[in-house]
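A.B. asks: To be precise about what I am sending: the file is called target.cif and holds mmCIF, C-alpha atoms.
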```cif
data_final
loop_
_atom_site.label_atom_id
_atom_site.label_comp_id
_atom_site.auth_asym_id
_atom_site.auth_seq_id
_atom_site.Cartn_x
_atom_site.Cartn_y
_atom_site.Cartn_z
CA MET F 16 121.46 134.25 95.13
CA ASN F 17 121.24 133.38 91.46
CA VAL F 18 120.50 129.74 92.31
CA VAL F 19 117.88 130.71 94.90
CA SER F 20 116.05 133.04 92.49
CA LEU F 21 116.21 130.34 89.81
CA ILE F 22 114.70 127.80 92.21
CA VAL F 23 111.91 130.22 93.21
CA ARG F 24 111.19 130.98 89.54
CA ASP F 25 111.19 127.28 88.70
CA LEU F 26 108.86 126.52 91.60
CA TRP F 27 106.39 129.07 90.24
CA LYS F 28 106.71 127.65 86.73
CA MET F 29 106.11 124.15 88.09
CA PHE F 30 102.50 125.08 88.74
CA VAL F 31 101.76 128.11 86.59
CA ASP F 32 102.43 128.03 82.87
CA ASP F 33 99.22 129.57 81.56
CA GLU F 34 97.96 132.13 84.09
CA PHE F 35 94.40 131.74 82.78
CA LEU F 36 94.39 127.99 83.49
CA ALA F 37 95.85 128.40 86.98
CA ALA F 38 93.43 131.22 87.89
CA ALA F 39 90.44 129.32 86.49
CA VAL F 40 91.32 126.14 88.42
CA LEU F 41 91.76 128.09 91.66
CA ALA F 42 88.45 129.91 91.09
CA ILE F 43 86.65 126.60 90.44
CA ILE F 44 88.12 125.06 93.62
CA GLY F 45 87.10 128.19 95.56
CA ALA F 46 83.55 127.94 94.19
CA ALA F 47 83.43 124.21 95.06
CA ALA F 48 84.55 124.99 98.63
CA LEU F 49 81.83 127.63 98.92
CA LEU F 50 79.12 125.31 97.56
CA THR F 51 80.22 122.54 99.96
CA GLU F 52 79.94 124.98 102.88
CA ILE F 53 76.42 125.96 101.73
CA GLY F 54 75.54 122.28 101.93
CA LEU F 55 74.86 121.37 98.31
CA PRO F 56 74.96 117.60 97.49
CA HIS F 57 78.50 116.23 97.22
CA LEU F 58 77.83 114.64 93.85
CA PHE F 59 76.76 118.01 92.42
CA VAL F 60 79.80 119.84 93.80
CA GLY F 61 82.15 117.05 92.69
CA GLY F 62 80.62 117.11 89.20
CA LEU F 63 80.99 120.87 89.05
CA LEU F 64 84.64 120.58 90.11
CA LEU F 65 85.36 117.99 87.43
CA VAL F 66 83.45 119.71 84.61
CA GLY F 67 84.94 123.08 85.60
CA CYS F 68 88.52 121.79 85.41
CA LEU F 69 87.88 119.98 82.12
CA SER F 70 86.38 123.17 80.68
CA ALA F 71 89.29 125.29 81.92
CA LEU F 72 91.78 122.91 80.28
CA THR F 73 89.79 122.93 77.03
CA VAL F 74 89.61 126.74 76.88
CA SER F 75 93.30 127.05 77.77
CA VAL F 76 94.36 124.65 74.98
CA LEU F 77 92.07 126.28 72.41
CA ARG F 78 93.32 129.76 73.37
CA ALA F 79 96.93 128.66 72.96
CA SER F 80 96.26 127.04 69.59
CA ALA F 81 94.34 130.12 68.40
CA VAL F 82 97.22 132.44 69.39
CA ASP F 83 99.63 130.15 67.55
CA MET Z 10 96.14 94.49 98.91
CA THR Z 11 92.53 95.07 97.86
CA ILE Z 12 91.47 96.30 94.41
CA GLU Z 13 90.70 99.71 95.95
CA SER Z 14 94.18 100.07 97.45
CA TRP Z 15 95.79 98.95 94.19
CA ALA Z 16 93.66 101.55 92.41
CA VAL Z 17 95.65 104.19 94.31
CA ALA Z 18 98.99 102.42 94.72
CA ALA Z 19 99.55 101.36 91.11
CA PRO Z 20 98.91 104.81 89.53
CA ALA Z 21 100.91 106.49 92.34
CA ILE Z 22 103.98 104.32 91.81
CA THR Z 23 103.65 104.47 88.01
CA ALA Z 24 103.24 108.27 88.06
CA ALA Z 25 106.29 108.67 90.32
CA PHE Z 26 108.31 106.37 88.05
CA LEU Z 27 107.29 107.95 84.74
CA ALA Z 28 107.51 111.56 85.97
CA SER Z 29 110.94 110.87 87.43
CA LEU Z 30 112.00 109.29 84.13
CA VAL Z 31 111.13 112.55 82.31
CA GLU Z 32 112.84 114.79 84.87
CA VAL Z 33 115.97 112.65 85.31
CA VAL Z 34 116.48 112.40 81.54
CA GLU Z 35 116.45 116.23 81.37
CA ALA Z 36 118.88 116.56 84.30
CA PHE Z 37 121.12 113.83 82.86
CA THR Z 38 121.38 115.68 79.53
CA ILE Z 39 122.80 118.77 81.28
CA VAL Z 40 125.11 116.78 83.59
CA LEU Z 41 126.41 114.93 80.51
CA ALA Z 42 126.92 118.21 78.61
CA VAL Z 43 128.93 119.57 81.55
CA ALA Z 44 130.99 116.36 81.70
CA THR Z 45 131.63 116.43 77.95
CA VAL Z 46 132.86 120.03 77.99
CA ARG Z 47 134.62 120.24 81.38
CA GLY Z 48 135.11 116.61 82.49
CA TRP Z 49 133.33 114.35 84.97
CA ARG Z 50 134.80 115.86 88.15
CA PRO Z 51 132.93 119.22 88.23
CA SER Z 52 129.90 117.55 86.70
CA LEU Z 53 129.61 114.81 89.33
CA LEU Z 54 130.53 117.17 92.18
CA GLY Z 55 127.78 119.57 91.10
CA ALA Z 56 125.26 116.74 90.71
CA ALA Z 57 126.18 115.30 94.12
CA ALA Z 58 125.86 118.75 95.75
CA GLY Z 59 122.44 119.08 94.11
CA LEU Z 60 121.34 115.72 95.54
CA VAL Z 61 122.53 116.76 99.02
CA LEU Z 62 120.56 120.02 98.71
CA LEU Z 63 117.45 118.07 97.72
CA MET Z 64 117.85 115.68 100.66
CA LEU Z 65 118.19 118.66 103.04
CA LEU Z 66 115.00 120.09 101.57
CA VAL Z 67 113.12 116.82 102.14
CA VAL Z 68 114.46 116.49 105.70
CA ALA Z 69 113.50 120.11 106.45
CA LEU Z 70 110.01 119.98 104.95
CA GLY Z 71 109.09 116.35 105.79
CA PRO Z 72 108.11 116.85 109.46
CA PHE Z 73 106.15 120.01 108.54
CA LEU Z 74 103.74 117.92 106.43
CA HIS Z 75 102.79 115.74 109.42
CA MET Z 76 101.95 118.84 111.48
CA LEU Z 77 99.13 119.87 109.10
CA PRO Z 78 95.53 118.69 109.66
CA LEU Z 79 94.69 115.85 107.22
CA HIS Z 80 91.95 117.70 105.29
CA LEU Z 81 94.17 120.78 104.84
CA LEU Z 82 97.08 118.60 103.68
CA GLN Z 83 94.80 116.78 101.20
CA LEU Z 84 93.45 120.09 99.88
CA MET Z 85 96.92 121.65 99.52
CA ILE Z 86 98.35 118.58 97.80
CA GLY Z 87 95.24 118.31 95.62
CA VAL Z 88 95.38 121.93 94.47
CA LEU Z 89 99.10 121.71 93.67
CA LEU Z 90 98.69 118.34 91.91
CA LEU Z 91 95.81 119.68 89.83
CA LEU Z 92 97.81 122.76 88.80
CA PHE Z 93 100.90 120.67 88.07
CA GLY Z 94 99.07 117.85 86.29
CA LEU Z 95 96.91 120.12 84.12
CA ARG Z 96 100.01 122.14 83.19
CA TRP Z 97 101.80 118.99 81.97
CA LEU Z 98 98.66 117.74 80.22
CA ARG Z 99 98.12 121.10 78.47
CA LYS Z 100 101.73 121.29 77.33
CA SER Z 101 101.79 117.70 76.04
CA ILE Z 102 98.48 118.23 74.18
CA LEU Z 103 99.88 121.37 72.50
CA ARG Z 104 103.11 119.55 71.63
CA ALA Z 105 101.30 116.49 70.26
CA ALA Z 106 99.10 118.77 68.14
CA GLY Z 107 102.15 120.57 66.77
CA VAL Z 108 101.29 123.93 68.35
CA LEU Z 109 104.45 123.80 70.52
CA ALA Z 110 107.75 122.27 69.46
CA LEU Z 111 108.61 118.89 70.96
CA HIS Z 112 111.30 118.88 73.64
CA ASP Z 113 114.52 117.55 72.09
CA GLU Z 114 117.30 116.28 74.37
CA ASN Z 115 119.86 116.63 71.56
CA VAL Z 116 118.97 120.31 71.19
CA ALA Z 117 119.14 120.81 74.98
CA PHE Z 118 122.53 119.07 75.05
CA ALA Z 119 123.87 121.22 72.20
CA ALA Z 120 122.60 124.44 73.82
CA GLU Z 121 124.16 123.63 77.20
CA SER Z 122 127.45 122.57 75.59
CA ALA Z 123 127.52 125.76 73.49
CA SER Z 124 126.94 127.89 76.58
CA LEU Z 125 129.84 126.21 78.43
CA LEU Z 126 132.11 126.40 75.37
CA GLU Z 127 131.33 130.11 75.10
CA ALA Z 128 132.45 130.56 78.72
CA GLN Z 129 135.59 128.57 77.87
CA ARG Z 130 136.25 130.78 74.85
CA ARG Z 131 136.03 133.86 77.05
CA SER Z 132 138.74 132.08 79.13
CA ASP Z 133 136.63 132.46 82.23
CA ARG Z 134 138.79 131.67 85.27
CA HIS Z 135 135.97 130.02 87.14
CA LEU Z 136 135.03 127.46 84.51
CA ASP Z 137 134.94 124.45 86.83
CA TRP Z 138 132.80 126.42 89.27
CA ILE Z 139 130.40 127.43 86.48
CA ALA Z 140 130.30 123.83 85.23
CA GLY Z 141 129.63 122.47 88.72
CA MET Z 142 126.90 125.05 89.34
CA THR Z 143 125.27 124.17 86.01
CA ALA Z 144 125.08 120.50 87.02
CA LEU Z 145 123.87 121.45 90.50
CA LYS Z 146 121.10 123.68 89.14
CA ALA Z 147 119.94 120.96 86.75
CA VAL Z 148 119.76 118.35 89.49
CA VAL Z 149 118.03 120.69 91.98
CA LEU Z 150 115.50 122.14 89.52
CA GLU Z 151 114.49 118.79 88.01
CA GLY Z 152 114.82 117.06 91.39
CA ILE Z 153 112.38 119.44 93.10
CA GLU Z 154 109.71 118.29 90.66
CA VAL Z 155 110.50 114.63 91.43
CA VAL Z 156 110.35 115.31 95.19
CA PHE Z 157 107.03 117.12 94.80
CA ILE Z 158 105.49 114.32 92.74
CA VAL Z 159 106.67 111.60 95.14
CA ILE Z 160 105.29 113.51 98.14
CA ALA Z 161 102.07 114.48 96.37
CA VAL Z 162 101.12 111.01 95.13
CA GLY Z 163 102.50 109.21 98.18
CA VAL Z 164 101.52 111.19 101.24
CA GLY Z 165 97.74 110.81 101.02
CA ARG Z 166 97.57 107.03 101.47
CA GLY Z 167 100.91 106.29 103.14
CA LEU Z 168 102.56 105.43 99.81
CA LEU Z 169 105.65 107.60 100.22
CA VAL Z 170 108.08 104.66 100.28
CA PRO Z 171 106.63 102.86 97.20
CA ALA Z 172 106.47 106.19 95.29
CA ALA Z 173 110.06 106.97 96.30
CA ILE Z 174 111.14 103.48 95.14
CA GLY Z 175 109.42 104.18 91.79
CA ALA Z 176 111.33 107.46 91.47
CA ALA Z 177 114.63 105.86 92.54
CA ALA Z 178 114.15 103.08 89.97
CA ALA Z 179 113.73 105.72 87.24
CA CYS Z 180 116.92 107.51 88.40
CA LEU Z 181 118.85 104.25 88.38
CA ILE Z 182 117.64 103.22 84.92
CA VAL Z 183 118.40 106.64 83.37
CA CYS Z 184 121.88 106.78 84.95
CA LEU Z 185 122.76 103.22 83.91
CA VAL Z 186 121.46 103.57 80.34
CA GLY Z 187 122.87 107.10 80.02
CA LEU Z 188 126.32 106.09 81.19
CA ALA Z 189 126.26 103.04 78.92
CA VAL Z 190 125.31 104.93 75.74
CA HIS Z 191 127.14 108.10 76.83
CA LYS Z 192 124.87 110.47 74.92
CA PRO Z 193 121.58 112.30 75.56
CA LEU Z 194 118.61 109.94 75.85
CA ALA Z 195 116.76 111.58 72.99
CA ARG Z 196 114.72 108.49 72.10
CA VAL Z 197 112.74 108.52 75.35
CA PRO Z 198 109.16 109.40 74.28
CA GLU Z 199 109.15 112.45 76.55
CA ASN Z 200 105.86 113.94 75.36
CA MET Z 201 103.96 110.67 75.60
CA LEU Z 202 105.24 110.18 79.16
CA LYS Z 203 104.31 113.77 80.05
CA PHE Z 204 100.81 113.21 78.68
CA ALA Z 205 100.38 110.01 80.72
CA VAL Z 206 101.76 111.60 83.90
CA GLY Z 207 99.64 114.72 83.35
CA VAL Z 208 96.53 112.54 83.12
CA VAL Z 209 97.36 110.58 86.29
CA LEU Z 210 98.41 113.63 88.35
CA SER Z 211 95.31 115.57 87.29
CA ALA Z 212 93.17 112.60 88.36
CA PHE Z 213 94.94 112.41 91.73
CA GLY Z 214 94.62 116.19 92.12
CA MET Z 215 90.87 116.07 91.44
CA PHE Z 216 90.47 113.26 93.96
CA TRP Z 217 92.49 114.95 96.72
CA VAL Z 218 90.82 118.35 96.24
CA GLY Z 219 87.45 116.61 96.72
CA GLU Z 220 88.72 114.72 99.77
CA GLY Z 221 90.17 117.94 101.18
CA LEU Z 222 86.81 119.67 100.76
CA GLY Z 223 85.11 116.74 102.52
CA LEU Z 224 83.33 115.39 99.42
CA ASP Z 225 82.41 111.70 99.25
CA TRP Z 226 83.45 110.47 95.81
CA PRO Z 227 81.30 107.62 94.46
CA GLY Z 228 83.42 104.45 94.43
CA GLN Z 229 85.93 106.15 96.76
CA ASP Z 230 89.52 105.42 95.58
CA LEU Z 231 88.25 103.88 92.32
CA ALA Z 232 87.11 107.39 91.35
CA ILE Z 233 90.78 108.14 90.55
CA LEU Z 234 90.66 105.62 87.67
CA VAL Z 235 87.44 107.18 86.34
CA PHE Z 236 88.98 110.67 86.51
CA ALA Z 237 92.10 109.40 84.72
CA LEU Z 238 89.97 107.92 81.92
CA ILE Z 239 88.03 111.20 81.56
CA PHE Z 240 91.21 113.32 81.45
CA PHE Z 241 92.76 110.86 78.99
CA ALA Z 242 89.72 110.99 76.68
CA LEU Z 243 89.61 114.80 76.82
CA GLY Z 244 93.35 115.00 76.17
CA ILE Z 245 93.13 112.79 73.08
CA GLY Z 246 90.08 114.73 71.90
CA LEU Z 247 91.84 118.06 72.31
CA VAL Z 248 94.91 116.85 70.40
CA ARG Z 249 92.68 115.86 67.48
CA LEU Z 250 90.59 119.04 67.67
CA THR Z 251 93.66 121.29 67.82
CA LYS Z 252 95.29 119.44 64.90
CA VAL Z 253 92.12 119.77 62.81
CA SER Z 254 91.64 123.48 63.61
CA GLY Z 255 95.33 124.04 62.78
CA ARG Z 256 94.89 122.38 59.39
CA VAL Z 257 91.73 124.40 58.67
CA ALA Z 258 93.53 127.64 59.60
CA ALA Z 259 96.47 126.73 57.37
CA ARG Z 260 94.23 126.42 54.29
#
```
Show how you would write the structure in this file as structure tokens.
C.D. replies:
Amino acid sequence: MNVVSLIVRDLWKMFVDDEFLAAAVLAIIGAAALLTEIGLPHLFVGGLLLVGCLSALTVSVLRASAVD
Amino acid sequence: MTIESWAVAAPAITAAFLASLVEVVEAFTIVLAVATVRGWRPSLLGAAAGLVLLMLLVVALGPFLHMLPLHLLQLMIGVLLLLFGLRWLRKSILRAAGVLALHDENVAFAAESASLLEAQRRSDRHLDWIAGMTALKAVVLEGIEVVFIVIAVGVGRGLLVPAAIGAAAACLIVCLVGLAVHKPLARVPENMLKFAVGVVLSAFGMFWVGEGLGLDWPGQDLAILVFALIFFALGIGLVRLTKVSGRVAAR
């Protein structure tokens, strides 16, 4: 049981270290999916996806360094 | 192979190799600590049991992947790769900037040895069991990450075998060098490797999320290289920015 719970915890930690970053990335992907469904140009949605993820990473790093 | 297919294959194999190098070094440190304190028998038995568990996991989950529609599989893999890659990139940026402490294999080795010696001091009757389980946990926990990376970078373009060969090569090199020097491989530039892998996995993640959503990336597979360059440039920029802001705050 101990090993199983450790594996589950490690699986979570594999993808989520900073909850803000994970939530922001998921929200950006969700928004991109919505905009694709609406029928906006692919280049625009792709650009938004890229810029959104870069911004989320930047904010996450700056938040961590500010806390430190 | 065409330039386009190499644009996917080369980063996929390199990412699998480098990521596995990082993970196997960490697992090896713990297996070595167990062997140093309790001998090779429980250590190797635990590591072998861990490998069997990982193989069972791959055999159980492998067919499930082929049952998913392609776009859903690409989206799932893309989302997970993006989360995983950005997490590694963020951590390596913070470590390079001095915000987080660098991972030190010698410290990890000493901590694991101390924990086992403490159990020995308490004259625990199940020491070999504890030692074996410690090695098993290390192999399974680090191995899951290797399995995920191999599947994630390999499944999209039928590169599972080359990616798996890249990972296996890393395992072999770490085991051979580790057994030869018989001490933790502390000189492996872990943070630099994590940064590089974070960049590549984030680029793959971005590409597969787009593919999963049905977007047409300009340049198709070559877009991965462009994404990697952008993530690399941002990563370097953030290391510098964080270092500078740290120095300003320290004044």
A.B. asks: Please report the interatomic distance between CA of Val67 (chain Z) and CA of Gln83 (chain Z) in Å with one decimal.
C.D. replies: 18.3 Å
A.B. asks: Pick out the chain F residues within 9 Å of chain Z. Count all atoms listed in the file. Give them as number ranges by chain.
C.D. replies: F: 18, 21-22, 25-26, 29-33, 36-37, 40-41, 44, 47-48, 51-52, 56-58, 60-61, 64-65, 68-69, 72-73, 75-77, 79-81, 83
A.B. asks: If we count only C-alpha atoms and set the cut-off at 9 Å, which residues sit around Ala237 (chain Z), ignoring sequence neighbours fewer than 5 positions away in its own chain? Please answer as a compact mmCIF listing (two decimals) with C-alpha atoms, in the frame of the given file.
C.D. replies:
```
# COMPACT_ATOMS: atom_id res chain seq x y z
CA VAL Z 208 96.53 112.54 83.12
CA VAL Z 209 97.36 110.58 86.29
CA LEU Z 210 98.41 113.63 88.35
CA SER Z 211 95.31 115.57 87.29
CA ALA Z 212 93.17 112.60 88.36
CA PHE Z 213 94.94 112.41 91.73
CA ALA Z 232 87.11 107.39 91.35
CA ALA Z 242 89.72 110.99 76.68
```
A.B. asks: How many Å separate CA of Val206 (chain Z) from CA of Ala24 (chain Z)?
C.D. replies: 5.5 Å
A.B. asks: So the first atom is CA of Gln229 (chain Z) and the second is CA of Ser29 (chain Z); what is the distance between them in Å, to one decimal place?
C.D. replies: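 It comes out at 27.1 Å.
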A.B. asks: Just so the selection is clear, what residues does the PyMOL selection byres ((chain Z and resi 185-199) around 7) cover here, as a VMD selection string?
C.D. replies: chain Z and resid 31 34 38 113 to 115 118 181 to 184 200 to 203
